[in-house]
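Here's the structure we're looking at; comments come further down.
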Amino acid sequence: MDLGIKGRKAIVCASSQGLGKACATSLAGEGCDVVINGRTEAKLLATAKEIEALTGAKVTPVVADINTEEGRARLLAASPEADILVNNNAGPPPGKLEDWDHAAWMPALESNLLAAALLMRGVMPGMRERKFGRIVNITSAMVKSPYPEMGLSTAARAGLSALSKSMARLVAPDNVTVNNILPFRIDTDRQKFFTQRLADQEGIPFAEARRKIEQTVAAQRMGTPKEFGDACAFLCSVQASFISGQNLQLDGASYSGLI
């Protein structure tokens, strides 16, 4: 299927690895000019070369910390007429409520709510004027199925979900969509972190910890980054112009609720 976005300009945040890299690769594969972002120059440059070699698309690396005003400005300046924005950022560590003081809350809100909100603010006026825009926020399955130890992530990302829903209604007449993807157990470095954490907690081998985590997924396996990236690309497509304000769960049928 031709997604109709060849030549479109895309910004993909936190895309030197993991879910962001997967989305950038899928969008580049559809012919988008992609700006990728990260804080480590060597890793980012290597990712840019890898995606260009794989897809033949133009990939522009921007070293920037999107948790800062300067970093966001640098990223937006690299693609001043962006048609697509994929918001992504590292999640806060797991923990307990009694450990989350004011100093712990602020970085979680900055990285998982405010950074995305302010980047949306930066691209939306131009998208509305040009009558095309696709915004996809990578949040978490924890938004709809909260775990106590993931409270920092859940609270911040639920706030972003609420903002996205309200903005989707505002910009819909201008052919701008705003959607969220809620990943669960996608096979990235973050899952390796959680797997190693489980292995250490229970004193079991890494492979056994991985099997235990896979058993929490209805599909009995982890999702692949490519599956995730391709779903993101579809939400950015011409065909998805009537899909907005939605939370798309990529979880192998694991969520047990109806809505």
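In the structure tokens, the first chain shown is A, the next is B, and so on; residue numbers restart at 1 for each chain, and ligands run from 1 in the order shown.
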
task = Quick one: everything within 6 Å of Ile186 of chain A, counting only C-alpha atoms, minus sequence neighbours fewer than 6 positions away in the same chain. Send it as a list in words.
result = Met222, Gly223 and Thr224 of chain A

Kindly assemble as CSV a list of the segment 96-174 of chain A residues that lie within 12 Å of segment 21-34 of chain A, each paired with its nearest atom pair and their distance in Å to one decimal, using only C-alpha atoms, sorted first by chain and then by ascending residue number.
residue,atom,partner,partner_atom,distance
A:Arg134,CA,A:Leu27,CA,11.9
A:Val136,CA,A:Cys23,CA,10.0
A:Asn137,CA,A:Cys23,CA,11.1
A:Ile138,CA,A:Cys23,CA,9.9

Using C-alpha atoms, can you export the residues from the last selection as a PDB file, in the first residue's frame?
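Contents of selection.pdb, as written:
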ATOM      1  CA  ARG A 134       0.166  14.058  11.524  1.00  0.00           C
ATOM      2  CA  VAL A 136       1.835  10.670  16.853  1.00  0.00           C
ATOM      3  CA  ASN A 137       2.760  10.498  20.519  1.00  0.00           C
ATOM      4  CA  ILE A 138       4.477   7.367  21.779  1.00  0.00           C
TER       5      ILE A 138
END

ask   = In segment 77-255 of chain A, what's alpha helix (DSSP H) per DSSP? Answer as an MDAnalysis selection string?
value = chainID A and resid 77:78 102:109 115:130 151:171 189:202 206:214 225:235

Please write the residues from the selection above to a file, keeping C-alpha atoms, as a short mmCIF file (atom, residue, chain, number, x, y, z; two decimals), in the first residue's frame.
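Below is the file part_26.cif, written as the result:
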data_model
loop_
_atom_site.label_atom_id
_atom_site.label_comp_id
_atom_site.auth_asym_id
_atom_site.auth_seq_id
_atom_site.Cartn_x
_atom_site.Cartn_y
_atom_site.Cartn_z
CA ALA A 77 14.51 24.74 13.12
CA ALA A 78 15.80 21.66 11.31
CA HIS A 102 9.09 17.13 43.95
CA ALA A 103 12.56 16.65 42.49
CA ALA A 104 11.52 13.27 41.08
CA TRP A 105 8.25 14.49 39.62
CA MET A 106 9.61 17.42 37.63
CA PRO A 107 11.88 15.48 35.21
CA ALA A 108 9.08 12.97 34.57
CA LEU A 109 6.65 15.75 33.68
CA ALA A 115 8.41 18.29 25.90
CA ALA A 116 5.75 16.72 23.65
CA ALA A 117 3.21 19.44 24.39
CA LEU A 118 5.63 22.21 23.48
CA LEU A 119 6.73 20.48 20.28
CA MET A 120 3.07 20.09 19.32
CA ARG A 121 2.68 23.81 19.97
CA GLY A 122 5.61 24.44 17.63
CA VAL A 123 4.33 22.47 14.63
CA MET A 124 0.55 22.78 14.81
CA PRO A 125 0.09 26.30 13.39
CA GLY A 126 2.04 25.44 10.22
CA MET A 127 0.29 22.12 9.80
CA ARG A 128 -3.10 23.78 10.08
CA GLU A 129 -2.15 26.46 7.58
CA ARG A 130 -0.88 23.90 5.05
CA GLY A 151 3.26 5.87 38.46
CA LEU A 152 5.62 8.62 37.30
CA SER A 153 5.33 7.50 33.68
CA THR A 154 1.60 6.83 33.87
CA ALA A 155 0.71 10.21 35.36
CA ALA A 156 2.76 12.24 32.90
CA ARG A 157 1.68 10.27 29.84
CA ALA A 158 -1.97 10.25 30.83
CA GLY A 159 -1.74 14.04 30.88
CA LEU A 160 -0.34 13.99 27.35
CA SER A 161 -3.19 11.68 26.29
CA ALA A 162 -5.74 14.17 27.60
CA LEU A 163 -4.04 17.08 25.84
CA SER A 164 -3.88 15.09 22.59
CA LYS A 165 -7.59 14.30 22.70
CA SER A 166 -8.52 17.95 23.20
CA MET A 167 -6.16 19.13 20.44
CA ALA A 168 -7.42 16.49 18.02
CA ARG A 169 -10.88 18.02 18.13
CA LEU A 170 -9.48 21.49 17.52
CA VAL A 171 -7.34 20.70 14.48
CA ASP A 189 16.59 -1.92 24.97
CA ARG A 190 14.02 -0.73 27.51
CA GLN A 191 12.57 -4.24 27.61
CA LYS A 192 16.08 -5.59 28.08
CA PHE A 193 16.38 -3.27 31.09
CA PHE A 194 13.15 -4.59 32.61
CA THR A 195 14.17 -8.17 31.83
CA GLN A 196 17.53 -7.76 33.54
CA ARG A 197 15.78 -6.06 36.47
CA LEU A 198 13.48 -9.08 36.86
CA ALA A 199 16.42 -11.47 36.55
CA ASP A 200 18.29 -9.63 39.29
CA GLN A 201 15.24 -9.43 41.56
CA GLU A 202 14.43 -13.13 41.30
CA PHE A 206 18.15 -13.54 31.73
CA ALA A 207 16.58 -16.03 29.30
CA GLU A 208 14.21 -17.30 31.99
CA ALA A 209 13.27 -13.76 32.94
CA ARG A 210 12.51 -13.03 29.29
CA ARG A 211 10.25 -16.08 29.05
CA LYS A 212 8.38 -14.95 32.15
CA ILE A 213 7.83 -11.51 30.66
CA GLU A 214 6.70 -12.96 27.32
CA PRO A 225 10.21 -2.66 16.47
CA LYS A 226 9.26 -2.96 12.78
CA GLU A 227 5.66 -3.79 13.67
CA PHE A 228 5.62 -0.71 15.85
CA GLY A 229 7.25 1.56 13.25
CA ASP A 230 4.91 0.45 10.49
CA ALA A 231 1.88 1.14 12.69
CA CYS A 232 3.21 4.64 13.30
CA ALA A 233 3.74 5.18 9.58
CA PHE A 234 0.17 4.14 8.85
CA LEU A 235 -1.17 6.68 11.35
#

inquiry  = Which residues are close to segment 243-253 of chain A, i.e. within 6 Å by only C-alpha atoms, leaving aside same-chain residues fewer than 5 positions away? Reply as a ChimeraX atom specification.
reply    = /A:165,168,177-184,218-219

task = Go through A:Asn37, A:Gln17, A:Asn88, A:Asn112 one by one, measure the shortest atom-to-atom distance of each to Gly71 of chain A using only C-alpha atoms, and give the residue with the smallest value.
result =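 Nearest to Gly71 of chain A: A:Asn37.
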
query = Separation of atom CA of Thr40 of chain A and atom CA of Val59 of chain A, in Å?
reply = 16.2 Å

task = From the DSSP assignment of the backbone, select every residue of segment 53-117 of chain A that is strand (DSSP E or B), and format the answer as a PyMOL selection string.
result = chain A and resi 59-63+84-87
